[in-house]
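*Asks:* So here's input-v2.cif, just mmCIF, C-alpha atoms:
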```
data_my_file
loop_
_atom_site.label_atom_id
_atom_site.label_comp_id
_atom_site.auth_asym_id
_atom_site.auth_seq_id
_atom_site.Cartn_x
_atom_site.Cartn_y
_atom_site.Cartn_z
CA MET A 51 -40.03 150.14 142.69
CA PRO A 52 -39.20 151.47 139.18
CA PRO A 53 -37.89 149.24 136.40
CA PRO A 54 -34.38 147.91 137.06
CA PRO A 55 -31.37 149.79 135.69
CA PRO A 56 -29.01 148.75 132.89
CA PRO A 57 -25.52 147.25 133.03
CA PHE A 58 -22.68 149.21 134.55
CA GLY A 59 -21.23 151.96 132.38
CA ARG A 60 -17.70 152.49 131.16
CA ALA A 61 -14.77 152.81 133.53
CA ARG A 62 -13.35 156.21 134.43
CA LYS A 63 -9.78 157.41 134.60
CA ARG A 64 -8.20 157.35 138.01
CA ALA A 65 -7.46 160.62 139.73
CA GLY A 66 -3.97 162.00 139.53
CA ASN A 67 -4.10 162.96 143.21
CA HIS A 68 -5.25 160.93 146.17
CA LEU A 69 -8.84 161.37 147.32
CA ASP A 70 -9.33 159.58 150.63
CA PRO A 71 -12.62 157.65 150.74
CA ALA A 72 -12.47 157.70 154.57
CA LEU A 73 -13.73 161.31 154.31
CA GLY A 74 -12.14 162.46 157.54
CA ASP A 75 -13.41 159.63 159.76
CA ALA A 76 -10.51 159.68 162.22
CA GLU A 77 -11.36 156.35 163.86
CA LEU A 78 -11.62 154.67 160.47
CA ILE A 79 -8.33 156.17 159.31
CA ALA A 80 -6.56 154.88 162.41
CA ALA A 81 -8.05 151.38 162.06
CA ARG A 82 -7.14 151.27 158.38
CA ALA A 83 -3.55 152.19 159.16
CA ALA A 84 -3.42 149.43 161.77
CA LEU A 85 -4.89 146.91 159.33
CA THR A 86 -2.14 147.59 156.79
CA GLN A 87 0.26 146.34 159.48
CA GLY A 88 -1.85 143.27 160.23
CA ARG A 89 -3.31 144.62 163.47
CA TRP A 90 -6.88 143.51 162.86
CA THR A 91 -7.80 144.03 166.51
CA ALA A 92 -8.13 147.74 165.73
CA VAL A 93 -10.77 146.90 163.13
CA ARG A 94 -12.56 144.67 165.64
CA GLU A 95 -12.75 147.57 168.07
CA LEU A 96 -13.89 149.98 165.36
CA LEU A 97 -16.72 147.76 164.18
CA ALA A 98 -17.77 147.01 167.76
CA THR A 99 -18.22 150.74 168.41
CA THR A 100 -19.98 151.18 165.05
CA GLY A 101 -22.64 148.71 166.12
CA ALA A 102 -25.90 148.68 164.15
CA ASP A 103 -25.39 152.06 162.50
CA TRP A 104 -25.75 150.38 159.13
CA ASP A 105 -24.80 153.35 156.96
CA LEU A 106 -21.64 153.95 158.94
CA ARG A 107 -20.84 150.22 159.03
CA GLY A 108 -21.25 149.95 155.26
CA HIS A 109 -19.04 152.97 154.67
CA ARG A 110 -16.33 151.79 157.04
CA LEU A 111 -16.23 148.23 155.74
CA THR A 112 -16.14 149.43 152.14
CA VAL A 113 -13.15 151.65 152.89
CA LEU A 114 -11.37 148.95 154.91
CA ALA A 115 -11.98 146.46 152.10
CA GLY A 116 -9.77 148.54 149.83
CA THR A 117 -6.80 148.24 152.20
CA PRO A 118 -3.97 146.12 150.75
CA GLY A 119 -4.06 142.68 152.33
CA ALA A 120 -7.48 143.21 153.91
CA ALA A 121 -8.76 139.78 152.89
CA ALA A 122 -5.64 138.02 154.21
CA TRP A 123 -5.74 139.85 157.53
CA GLY A 124 -9.44 139.10 157.73
CA GLU A 125 -8.67 135.41 157.36
CA GLU A 126 -6.16 135.63 160.22
CA TRP A 127 -8.86 137.25 162.31
CA ARG A 128 -11.31 134.48 161.45
CA ILE A 129 -8.79 131.81 162.40
CA ALA A 130 -8.42 133.46 165.79
CA GLU A 131 -12.17 134.06 166.19
CA PRO A 132 -14.08 131.62 163.92
CA ASP A 133 -17.52 132.90 164.93
CA SER A 134 -16.80 136.61 164.43
CA VAL A 135 -19.47 138.19 162.25
CA ASP A 136 -17.25 141.25 161.78
CA ALA A 137 -14.35 139.18 160.48
CA ALA A 138 -16.72 137.51 158.02
CA ALA A 139 -18.05 140.90 156.89
CA LEU A 140 -14.53 142.23 156.33
CA ILE A 141 -13.57 139.15 154.31
CA ALA A 142 -16.75 139.45 152.24
CA SER A 143 -16.19 143.13 151.47
CA ALA A 144 -12.49 142.63 150.70
CA THR A 145 -13.08 139.69 148.36
CA VAL A 146 -15.68 141.75 146.50
CA VAL A 147 -13.08 144.49 145.96
CA ARG A 148 -10.70 141.83 144.68
CA ALA A 149 -13.37 140.36 142.38
CA LEU A 150 -14.09 143.79 140.90
CA GLY A 151 -10.47 143.85 139.76
CA ASP A 152 -10.31 140.21 138.68
CA ARG A 153 -13.46 138.31 137.78
CA ARG A 154 -11.81 134.99 138.66
CA TYR A 155 -12.55 135.85 142.30
CA TYR A 156 -16.28 136.24 141.67
CA PRO A 157 -17.32 132.81 143.07
CA GLU A 158 -15.15 133.31 146.15
CA ALA A 159 -16.60 136.76 146.76
CA THR A 160 -20.18 135.58 146.34
CA ALA A 161 -19.63 132.69 148.74
CA ALA A 162 -17.98 134.97 151.32
CA CYS A 163 -20.89 137.40 151.20
CA HIS A 164 -23.48 134.67 151.64
CA HIS A 165 -21.51 133.24 154.56
CA ALA A 166 -21.42 136.66 156.23
CA ALA A 167 -25.14 137.10 155.59
CA VAL A 168 -25.93 133.78 157.30
CA LEU A 169 -23.89 134.76 160.37
CA ALA A 170 -25.68 138.12 160.70
CA PRO A 171 -29.14 137.96 159.04
CA GLU A 172 -30.08 141.48 160.16
CA ASP A 173 -26.96 143.13 158.70
CA PRO A 174 -27.44 144.72 155.25
CA THR A 175 -23.68 145.00 154.68
CA PRO A 176 -23.07 141.57 153.05
CA TRP A 177 -25.95 142.32 150.69
CA LEU A 178 -24.45 145.74 149.98
CA ALA A 179 -21.19 144.00 149.05
CA LEU A 180 -23.11 141.72 146.69
CA LEU A 181 -24.86 144.76 145.22
CA LEU A 182 -21.49 146.39 144.54
CA LEU A 183 -20.46 143.24 142.73
CA ALA A 184 -23.71 142.90 140.82
CA ARG A 185 -23.51 146.47 139.63
CA ARG A 186 -20.51 145.42 137.60
CA ARG A 187 -21.23 141.76 136.89
CA GLY A 188 -24.88 140.98 137.57
CA THR A 189 -28.14 141.00 135.65
CA GLU A 190 -30.76 143.69 136.06
CA ASP A 191 -33.01 141.37 138.05
CA GLU A 192 -30.14 140.49 140.36
CA VAL A 193 -29.35 144.16 141.03
CA VAL A 194 -32.96 144.91 141.95
CA ARG A 195 -33.20 141.79 144.14
CA LEU A 196 -30.05 142.73 146.04
CA PHE A 197 -31.16 146.34 146.46
CA ASP A 198 -34.39 145.07 147.97
CA ALA A 199 -32.38 142.76 150.26
CA VAL A 200 -30.44 145.77 151.55
CA ARG A 201 -33.49 147.98 151.87
CA VAL A 202 -35.56 145.45 153.80
CA ARG A 203 -32.82 145.52 156.45
CA HIS A 204 -32.30 149.28 156.39
CA GLN A 205 -34.88 151.26 154.48
CA ASP A 206 -32.80 154.42 154.02
CA HIS A 207 -29.50 152.73 153.21
CA HIS A 208 -27.32 155.51 151.86
CA MET A 209 -24.83 153.72 149.62
CA ALA A 210 -27.38 151.30 148.20
CA HIS A 211 -29.57 154.18 147.02
CA HIS A 212 -26.57 155.88 145.43
CA LEU A 213 -25.77 152.69 143.54
CA MET A 214 -29.31 152.37 142.26
CA VAL A 215 -29.43 156.00 141.14
CA ALA A 216 -26.18 155.54 139.22
CA ARG A 217 -27.62 152.48 137.48
CA LEU A 218 -30.98 154.01 136.68
CA ALA A 219 -29.30 157.11 135.22
CA GLU A 220 -27.73 154.91 132.56
CA ARG A 221 -31.06 153.91 131.06
CA HIS A 222 -31.97 155.43 127.68
CA PRO A 223 -29.19 157.96 127.10
CA GLU A 224 -30.83 158.69 123.76
CA ASP A 225 -33.65 160.45 125.63
CA GLY A 226 -31.33 163.34 126.47
CA ARG A 227 -32.52 165.84 129.07
CA ASP A 228 -35.85 164.17 129.62
CA PRO A 229 -37.23 165.75 132.83
CA LEU A 230 -39.46 162.70 133.27
CA HIS A 231 -36.62 160.18 133.21
CA GLU A 232 -37.17 157.39 135.73
CA VAL A 233 -34.01 158.19 137.69
CA TYR A 234 -35.58 161.47 138.80
CA ASP A 235 -38.79 159.75 139.87
CA PHE A 236 -36.88 157.11 141.82
CA ALA A 237 -34.72 159.69 143.58
CA ALA A 238 -37.70 161.92 144.41
CA TRP A 239 -39.69 158.97 145.77
CA SER A 240 -36.75 157.82 147.89
CA ALA A 241 -36.19 161.30 149.33
CA GLU A 242 -39.88 161.73 150.07
CA HIS A 243 -40.12 158.43 151.95
CA ALA A 244 -36.86 158.78 153.90
CA SER A 245 -36.67 159.96 157.48
CA PRO A 246 -36.46 163.77 157.88
CA ASP A 247 -32.76 163.75 158.81
CA SER A 248 -31.73 161.29 156.10
CA PRO A 249 -29.10 162.39 153.54
CA LEU A 250 -31.36 160.77 150.95
CA ALA A 251 -32.89 164.26 150.82
CA VAL A 252 -29.98 165.06 148.49
CA LEU A 253 -30.60 162.01 146.27
CA PRO A 254 -32.47 164.02 143.58
CA VAL A 255 -29.31 166.15 143.21
CA VAL A 256 -27.26 162.96 142.89
CA ALA A 257 -29.64 161.83 140.15
CA HIS A 258 -28.96 164.99 138.14
CA ALA A 259 -25.20 164.48 138.39
CA GLU A 260 -25.39 160.82 137.42
CA ARG A 261 -27.62 161.60 134.48
CA TYR A 262 -25.18 164.31 133.36
CA ARG A 263 -22.38 161.70 133.47
CA VAL A 264 -24.33 159.51 131.09
CA LEU A 265 -25.36 162.29 128.73
CA ALA A 266 -21.86 163.78 128.57
CA ALA A 267 -20.42 160.35 127.79
CA ALA A 268 -22.99 160.06 124.97
CA GLY A 269 -21.92 163.46 123.61
CA SER A 270 -25.23 165.24 124.27
CA GLU A 271 -23.82 167.42 127.05
CA PRO A 272 -20.54 169.41 127.02
CA PRO A 273 -17.54 167.85 128.78
CA ASP A 274 -17.35 170.83 131.13
CA PRO A 275 -20.31 170.51 133.53
CA ALA A 276 -20.19 174.23 134.41
CA ALA A 277 -20.80 174.99 130.73
CA SER A 278 -23.89 172.77 130.67
CA GLY A 279 -27.42 173.98 131.28
CA HIS A 280 -28.20 170.66 132.91
CA TRP A 281 -28.49 172.23 136.39
CA ARG A 282 -30.40 175.32 135.24
CA SER A 283 -33.72 173.89 134.16
CA ARG A 284 -36.79 174.75 136.21
CA ARG A 285 -36.97 171.27 137.70
CA ALA A 286 -33.25 171.14 138.49
CA ARG A 287 -33.36 174.52 140.23
CA GLN A 288 -36.27 173.38 142.38
CA VAL A 289 -34.45 170.17 143.31
CA LEU A 290 -31.33 172.13 144.26
CA ARG A 291 -33.28 174.65 146.31
CA THR A 292 -35.07 171.88 148.22
CA ALA A 293 -31.82 170.05 148.95
CA PHE A 294 -30.00 173.22 150.00
CA ASP A 295 -32.85 174.22 152.31
CA TRP A 296 -32.75 170.74 153.85
CA TRP A 297 -29.04 171.14 154.49
CA LEU A 298 -29.54 174.56 156.11
CA GLU A 299 -32.13 173.05 158.43
CA TRP A 300 -30.17 169.94 159.40
CA GLU A 301 -26.49 170.80 158.95
CA GLN A 302 -25.76 171.37 162.63
CA ARG A 303 -26.89 167.82 163.34
CA LEU A 304 -25.10 166.18 160.41
CA ASP A 305 -21.72 165.33 161.89
CA ARG A 306 -20.96 162.01 160.22
CA SER A 307 -18.26 161.89 157.60
CA ARG A 308 -20.50 160.11 155.10
CA ILE A 309 -22.63 163.26 154.65
CA ARG A 310 -19.63 164.78 152.90
CA THR A 311 -20.45 162.58 149.91
CA ASP A 312 -23.82 164.32 149.54
CA LEU A 313 -22.36 167.76 150.22
CA ASN A 314 -19.87 167.22 147.39
CA TYR A 315 -22.77 166.50 145.03
CA LEU A 316 -24.63 169.56 146.28
CA ALA A 317 -21.60 171.88 146.07
CA HIS A 318 -20.87 170.60 142.56
CA ALA A 319 -24.48 171.24 141.52
CA LYS A 320 -24.61 174.72 143.06
CA PHE A 321 -21.36 175.65 141.34
CA CYS A 322 -22.67 174.37 137.99
CA GLU A 323 -25.96 176.19 138.57
CA GLY A 324 -24.02 179.43 138.85
CA ARG A 325 -24.56 180.09 142.57
CA PRO A 326 -21.03 180.45 143.93
CA ALA A 327 -22.09 181.93 147.30
CA GLU A 328 -24.18 178.87 148.14
CA ALA A 329 -21.44 176.61 146.81
CA ALA A 330 -18.91 178.43 149.02
CA ALA A 331 -20.96 177.69 152.15
CA LEU A 332 -20.91 174.01 151.23
CA PHE A 333 -17.18 174.03 150.46
CA HIS A 334 -16.55 175.45 153.94
CA ARG A 335 -18.48 172.51 155.42
CA ILE A 336 -16.73 169.93 153.20
CA GLY A 337 -13.23 171.18 153.95
CA PRO A 338 -10.56 169.20 152.09
CA HIS A 339 -12.70 166.05 151.85
CA ALA A 340 -13.40 165.83 148.13
CA THR A 341 -15.06 162.77 146.60
CA ARG A 342 -14.33 161.25 143.22
CA ALA A 343 -17.98 161.51 142.17
CA PRO A 344 -19.24 163.85 140.85
CA TRP A 345 -16.04 165.87 140.32
CA ALA A 346 -14.70 163.24 137.91
CA TYR A 347 -17.74 163.58 135.62
CA PRO A 348 -17.66 163.02 132.76
CA ASP A 349 -13.94 162.21 132.50
CA ARG A 350 -12.01 164.74 134.55
CA ASP A 351 -9.36 164.75 137.26
CA PRO A 352 -11.61 165.01 140.33
CA TYR A 353 -8.91 166.47 142.56
CA ALA A 354 -8.21 169.30 140.10
CA ALA A 355 -11.90 169.88 139.35
CA PHE A 356 -12.81 170.09 143.04
CA HIS A 357 -10.05 172.53 143.91
CA ALA A 358 -10.70 174.71 140.86
CA ALA A 359 -14.40 175.01 141.74
CA ARG A 360 -13.62 175.54 145.42
CA SER A 361 -11.11 178.30 144.66
CA ALA A 362 -13.52 180.02 142.29
CA ALA A 363 -16.42 179.83 144.77
CA LEU A 364 -14.32 181.06 147.70
CA GLY A 365 -12.67 183.78 145.64
CA THR A 366 -9.17 182.38 146.11
CA ALA A 367 -8.48 181.53 142.46
#
```
Turn this file's structure into structure tokens for me.
*Replies:*
Amino acid sequence: MPPPPPPFGRARKRAGNHLDPALGDAELIAARAALTQGRWTAVRELLATTGADWDLRGHRLTVLAGTPGAAAWGEEWRIAEPDSVDAAALIASATVVRALGDRRYYPEATAACHHAAVLAPEDPTPWLALLLLARRRGTEDEVVRLFDAVRVRHQDHHMAHHLMVARLAERHPEDGRDPLHEVYDFAAWSAEHASPDSPLAVLPVVAHAERYRVLAAAGSEPPDPAASGHWRSRRARQVLRTAFDWWLEWEQRLDRSRIRTDLNYLAHAKFCEGRPAEAAALFHRIGPHATRAPWAYPDRDPYAAFHAARSAALGTA
């Protein structure tokens, strides 16, 4: 495990257009709509079918946690079913979202996560919720401890690795384009040790985008990522080629919505590298499902940036 990352960086502007974090997960979208109306039974059914697919469970609970009133509806669910581990997980995730907006809820969120963890010791999701909170509020040691708590329950946990890469990228911005920066080593090690079909194969590309975010914020990279040479170094090109080849090999078997997060990073990188044909193939696979990161980097409207790059790559500009 490399040295722990630094405190969370500065906040970004919100997008002017809506980017749906559900990423086309139709079952999740339907359950979220039901939850806004207080029909938590739809969430119960969704999480029951999700089962022990920990990446999918983490993604779905994180999205549901951002639904207005999620914590309150979760409490109603818990009153009806006091022993429900899924109700506890929803409450934990929702209170973390609330605490990220108002630090007065930090003790409540921490307690809710620990309660959910006790009810389901094998589930990494309560620890993921704590990691999300620690990324903003916690110490470096706490972040590393929580990452390890997630990873011991699910070695290839997708979101947890993304969080760690984002943190590690923020170390030593004064080093500039150091090809030996620890974020690259961590991402390469994680990709190498992941299962062959794991989206962590794209994590080295994520590391390059997160490092660009930090360097652009420090003023050592241009604010337009396409004008930067950050994705054109020898190492970056090799990383992009490896990730693109992995996608070509596995893309027919990658049908989960969460992979669209990684494909957004890869399309962004290919576009910035100056390979519009490869970017176009990725844009076709992504469809309309843009993600805030990395299109918002360093301080852009992600919706506009995504559609401008997509139009240019597809020749529809």
*Asks:* Could you pull the residues within 10 Å of Pro249 of chain A, counting only C-alpha atoms, minus those fewer than 2 positions along the same chain, as a PyMOL selection string?
*Replies:* chain A and resi 206-208+241+244-247+251-253+293+296-297+300+304+308-313
*Asks:* When you count all atoms listed in the file, which of these residues is closest to Arg291 of chain A: A:Val202, A:Ile336, A:Val255, A:Ala144?
*Replies:*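 Smallest distance to Arg291 of chain A is found for A:Val255.
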*Asks:* Evaluated on this file, the PyMOL selection byres ((chain A and resi 113) around 10) picks out some residues - which ones are they, written as a ChimeraX atom specification?
*Replies:* /A:70-73,78-79,82,107-112,114-117,143-144,147
*Asks:* With a distance cut-off of 9 Å and only C-alpha atoms, select the neighbouring residues of segment 266-270 of chain A, excluding the residue or stretch itself and same-chain residues fewer than 2 positions from it, and output the selection as a list in words.
*Replies:*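 My list of contacting residues is Arg60, Pro223, Glu224, Gly226, Arg227, Arg261, Tyr262, Arg263, Val264, Pro272, Pro273, Asp274, Pro275, Tyr347, Pro348 and Asp349 of chain A.
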*Asks:* Please list as a PyMOL selection string every residue within 12 Å of Arg201 of chain A, counting only C-alpha atoms and excluding residues in the same chain fewer than 2 positions away.
*Replies:* chain A and resi 51+104-105+172-175+177-178+181+194-199+203-211+214+240+244
*Asks:* Since fewer atoms than expected are present, regenerate N, CA, C and O atoms for segment 295-319 of chain A and write them as a tab-separated table (two decimals), in the coordinates of the input.
*Replies:*
```
chain	number	residue	atom	x	y	z
A	295	ASP	N	-32.05	173.85	151.14
A	295	ASP	CA	-32.85	174.22	152.31
A	295	ASP	C	-32.81	173.11	153.36
A	295	ASP	O	-32.77	173.39	154.57
A	296	TRP	N	-32.85	171.87	152.91
A	296	TRP	CA	-32.75	170.74	153.85
A	296	TRP	C	-31.42	170.80	154.59
A	296	TRP	O	-31.38	170.62	155.81
A	297	TRP	N	-30.35	171.08	153.86
A	297	TRP	CA	-29.04	171.14	154.49
A	297	TRP	C	-28.99	172.28	155.52
A	297	TRP	O	-28.47	172.11	156.62
A	298	LEU	N	-29.53	173.44	155.17
A	298	LEU	CA	-29.54	174.56	156.11
A	298	LEU	C	-30.28	174.19	157.40
A	298	LEU	O	-29.88	174.61	158.49
A	299	GLU	N	-31.34	173.42	157.26
A	299	GLU	CA	-32.13	173.05	158.43
A	299	GLU	C	-31.42	172.02	159.30
A	299	GLU	O	-31.49	172.09	160.53
A	300	TRP	N	-30.70	171.08	158.67
A	300	TRP	CA	-30.17	169.94	159.40
A	300	TRP	C	-28.66	169.97	159.59
A	300	TRP	O	-28.11	169.13	160.31
A	301	GLU	N	-27.95	170.92	159.02
A	301	GLU	CA	-26.49	170.80	158.95
A	301	GLU	C	-25.80	170.78	160.31
A	301	GLU	O	-24.77	170.14	160.47
A	302	GLN	N	-26.39	171.40	161.31
A	302	GLN	CA	-25.76	171.37	162.63
A	302	GLN	C	-25.82	170.00	163.27
A	302	GLN	O	-25.06	169.69	164.18
A	303	ARG	N	-26.74	169.17	162.77
A	303	ARG	CA	-26.89	167.82	163.34
A	303	ARG	C	-26.28	166.74	162.46
A	303	ARG	O	-26.37	165.56	162.78
A	304	LEU	N	-25.68	167.14	161.35
A	304	LEU	CA	-25.10	166.18	160.41
A	304	LEU	C	-23.59	166.14	160.62
A	304	LEU	O	-22.84	166.85	159.97
A	305	ASP	N	-23.13	165.32	161.54
A	305	ASP	CA	-21.72	165.33	161.89
A	305	ASP	C	-20.99	164.07	161.43
A	305	ASP	O	-19.84	163.86	161.77
A	306	ARG	N	-21.63	163.22	160.68
A	306	ARG	CA	-20.96	162.01	160.22
A	306	ARG	C	-20.20	162.30	158.92
A	306	ARG	O	-20.63	163.08	158.08
A	307	SER	N	-19.09	161.62	158.77
A	307	SER	CA	-18.26	161.89	157.60
A	307	SER	C	-18.97	161.55	156.30
A	307	SER	O	-18.74	162.19	155.28
A	308	ARG	N	-19.86	160.54	156.34
A	308	ARG	CA	-20.50	160.11	155.10
A	308	ARG	C	-21.31	161.22	154.44
A	308	ARG	O	-21.46	161.24	153.22
A	309	ILE	N	-21.85	162.18	155.23
A	309	ILE	CA	-22.63	163.26	154.65
A	309	ILE	C	-21.80	164.08	153.68
A	309	ILE	O	-22.34	164.75	152.79
A	310	ARG	N	-20.47	164.01	153.81
A	310	ARG	CA	-19.63	164.78	152.90
A	310	ARG	C	-19.77	164.30	151.46
A	310	ARG	O	-19.53	165.07	150.53
A	311	THR	N	-20.15	163.06	151.27
A	311	THR	CA	-20.45	162.58	149.91
A	311	THR	C	-21.57	163.41	149.31
A	311	THR	O	-21.46	163.92	148.18
A	312	ASP	N	-22.67	163.58	150.04
A	312	ASP	CA	-23.82	164.32	149.54
A	312	ASP	C	-23.50	165.80	149.39
A	312	ASP	O	-23.96	166.45	148.43
A	313	LEU	N	-22.71	166.35	150.31
A	313	LEU	CA	-22.36	167.76	150.22
A	313	LEU	C	-21.47	168.03	149.02
A	313	LEU	O	-21.53	169.11	148.42
A	314	ASN	N	-20.65	167.06	148.62
A	314	ASN	CA	-19.87	167.22	147.39
A	314	ASN	C	-20.79	167.30	146.18
A	314	ASN	O	-20.58	168.13	145.29
A	315	TYR	N	-21.80	166.43	146.14
A	315	TYR	CA	-22.77	166.50	145.03
A	315	TYR	C	-23.49	167.85	145.02
A	315	TYR	O	-23.70	168.45	143.96
A	316	LEU	N	-23.88	168.32	146.21
A	316	LEU	CA	-24.63	169.56	146.28
A	316	LEU	C	-23.76	170.76	145.94
A	316	LEU	O	-24.19	171.68	145.22
A	317	ALA	N	-22.52	170.78	146.41
A	317	ALA	CA	-21.60	171.88	146.07
A	317	ALA	C	-21.32	171.89	144.57
A	317	ALA	O	-21.29	172.97	143.94
A	318	HIS	N	-21.10	170.73	144.00
A	318	HIS	CA	-20.87	170.60	142.56
A	318	HIS	C	-22.07	171.17	141.79
A	318	HIS	O	-21.91	171.95	140.84
A	319	ALA	N	-23.28	170.79	142.21
A	319	ALA	CA	-24.48	171.24	141.52
A	319	ALA	C	-24.67	172.75	141.66
A	319	ALA	O	-25.02	173.43	140.68
```
